[in-house]
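Heads up: the structure comes next, in structure tokens.
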Number of protein chains: 2
Amino acid sequence: MKISSKTEYALLALIDLARHAQGGYIKIPDICERNSIPRKFLEQILITLKGAGLVRSRRGQDGGYTLAGDASEISLATVIRLLDGPLASVSSVSKYFYTKTPIEQNEKLISVFREVRDYISNRMESTTLDQLI
Amino acid sequence: MKISSKTEYALLALIDLARHAQGGYIKIPDICERNSIPRKFLEQILITLKGAGLVRSRRGQDGGYTLAGDASEISLATVIRLLDGPLASVSSVSKYFYTKTPIEQNEKLISVFREVRDYISNRMESTTLDQLI
DNA sequence: ATAAAGTCTACTATGTAGATAGACAAAGTA
DNA sequence: TACTTTGTCTATCTACATAGTAGACTTTAT
């Protein structure tokens with residue numbers, strides 16, 4: 001029922017990039033310092049973000065990171081799913097969602113959690129980076 | 001962002017007890033069988049529930065468990081908090097909730113998560129066992 | 001060439017989830 | 001009283017995830 005610090009750092013880093021979008025490529029140490037993120041940890045996170053096409057990078061002097069597209073195209077849901085996996089809030093919700101629910105499972109209980117999951121999903125899907133600058 | 005199976009089992013067990021409220025004390029093996037819960041695991045969970053005053057127990061022949069009060073007095077929130085801890089969905093939300101938010105923290109980001117946490121909280125607080133039978 | 005970046009691979013520590021095992025205690029029943 | 005049936009307590013275990021750290025390597029601008 002919580003978000004990992006990996007995801008939290010990823011979001012802070014992306015927002016940092018969005019804020020400094022005009023400044024060209026932003027260096028890892030700058031992002032780290034402004035957001036209190038451990039350097040080596042952020043490196044890994046950025047590589048994941050790059051793999052997903054959310055950011056671009058350049059090496060060497062004047063290198064660094066920058067958003068690959070517009071901040072309005074990146075939702076919280078995208079980032080969370082990338083780093084933390086599915087948003088489901090109870091294991092059965094995702095496990096049995098597409099199959100028949102076992103008789104033992106409580107339909108009403110499942111539906112409460114499904115409702116919560118849908119709310120979270122909508123909220124995260126509809127919030128984009130540009131709204132967080 | 002998910003509920004542990006411990007909590008899931010606890011809820012299933014409590015609902016089971018609520019369903020069989022007329023039948024006096026319900027035995028652990030019966031609950032296990034009806035809900036596919038590992039026996040020794042459920043034992044521990046029930047002891048926690050008992051410690052919190054949600055259920056009562058009796059040993060020996062005709063022993064077992066029963067709800068301590070009315071099913072309408074037990075909310076999902078109570079059970080989840082008891083077994084999984086706070087409902088907060090991002091570490092900073094609970095960590096900094098009562099203190100000054102560090103400048104590095106993104107106010108808007110925090111408020112999105114706070115909003116989600118509040119929604120979950122309300123939903124879980126207002127859903128009680130008797131609605132799940 | 002060289003310095004300043006990012007990149008890749010590996011490792012480690014710590015905690016938590018999800019159990020399992022077995023001795024023990026109480027309560028009812030013959 | 002002895003026995004059986006139930007819950008209770010304590011200890012232990014394995015697997016995996018989280019949250020990082022270390023260091024050698026590669027690319028690029030000057």
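All residue names refer to the structure tokens as shown: chains lettered A, B, ... in order, residues numbered from 1 in each chain, ligands numbered from 1 in order.
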- Query: Quick one: DSSP strand (DSSP E or B) residues in range 28-131 of chain B, as an NGL selection string?
  - Reply: :B and (55-58 or 64-67 or 75 or 90 or 128)
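Set the cut-off at 7 Å, count only C-alpha atoms (C1' of nucleotides), and the residues of chain C near chain B turn out to be DA19, DA26, DA27 and DG28 of chain C.
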Item to complete: Write out as a PyMOL selection string which residues come within 12 Å of range 10-27 of chain D when counting only C-alpha atoms (C1' of nucleotides), dropping same-chain ones fewer than 5 positions away.
Response: (chain A and resi 3-7+9+37-45+57-61+63+84) or (chain B and resi 44) or (chain C and resi 4-24)
Exercise. Would you please extract all alpha helix (DSSP H) residues from chain A, as assigned by DSSP on the backbone, and give them as a ChimeraX atom specification?
Key: /A:5-19,28-35,39-51,76-84,91-95,107-126
In Å and to one decimal, CA of Arg123 in chain A is distant from CA of Leu109 in chain B by 12.0 Å
Considering only C-alpha atoms (C1' of nucleotides), return as a PDB file with C-alpha atoms, in the first residue's frame whatever protein or nucleic-acid residues lie within 7 Å of Thr127 in chain A, sequence-local ones (same chain, fewer than 3 positions apart) excluded.
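selection.pdb, written as the output of this step:
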ATOM      1  CA  SER A  75       1.569  10.378 -16.327  1.00  0.00           C
ATOM      2  CA  LEU A  76       2.238   9.230 -12.786  1.00  0.00           C
ATOM      3  CA  ARG A 123      -6.044   9.503 -10.625  1.00  0.00           C
ATOM      4  CA  MET A 124      -2.539   8.425 -11.595  1.00  0.00           C
ATOM      5  CA  GLN A 131       0.838  19.592 -13.373  1.00  0.00           C
TER       6      GLN A 131
END
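Going from CA of Ile28 in chain B over to CA of Leu129 in chain B, you cover 19.0 Å.
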Legend entry - Gly69 in chain A environment, 8 Å, only C-alpha atoms (C1' of nucleotides), sequence neighbours closer than 2 positions dropped, as a PyMOL selection string: chain A and resi 54-55+67+71+73
Mind dumping the selected residues with N, CA and C atoms as a PDB file, in the first residue's frame?
ATOM      1  N   LEU A  54      11.391   7.652 -21.724  1.00  0.00           N
ATOM      2  CA  LEU A  54      10.878   8.871 -21.080  1.00  0.00           C
ATOM      3  C   LEU A  54      11.899  10.002 -21.090  1.00  0.00           C
ATOM      4  N   VAL A  55      13.180   9.631 -21.086  1.00  0.00           N
ATOM      5  CA  VAL A  55      14.224  10.657 -21.088  1.00  0.00           C
ATOM      6  C   VAL A  55      15.282  10.329 -22.143  1.00  0.00           C
ATOM      7  N   LEU A  67      14.148  15.497 -20.669  1.00  0.00           N
ATOM      8  CA  LEU A  67      12.918  14.771 -20.995  1.00  0.00           C
ATOM      9  C   LEU A  67      12.904  14.460 -22.488  1.00  0.00           C
ATOM     10  N   ALA A  71       6.299  17.258 -20.954  1.00  0.00           N
ATOM     11  CA  ALA A  71       5.945  16.839 -19.597  1.00  0.00           C
ATOM     12  C   ALA A  71       4.479  16.431 -19.510  1.00  0.00           C
ATOM     13  N   GLU A  73       2.953  14.612 -21.418  1.00  0.00           N
ATOM     14  CA  GLU A  73       2.723  13.271 -21.979  1.00  0.00           C
ATOM     15  C   GLU A  73       3.107  12.157 -21.017  1.00  0.00           C
TER      16      GLU A  73
END
Atom pair CA of Gly53 in chain B + CA of Val112 in chain A, distance 24.3 Å
Near Lys108 in chain B, counting only C-alpha atoms (C1' of nucleotides), which residues have an atom at most 10 Å away, once you skip same-chain residues fewer than 6 positions from it, shown as a ChimeraX atom specification?
-> /A:131-133 /B:114
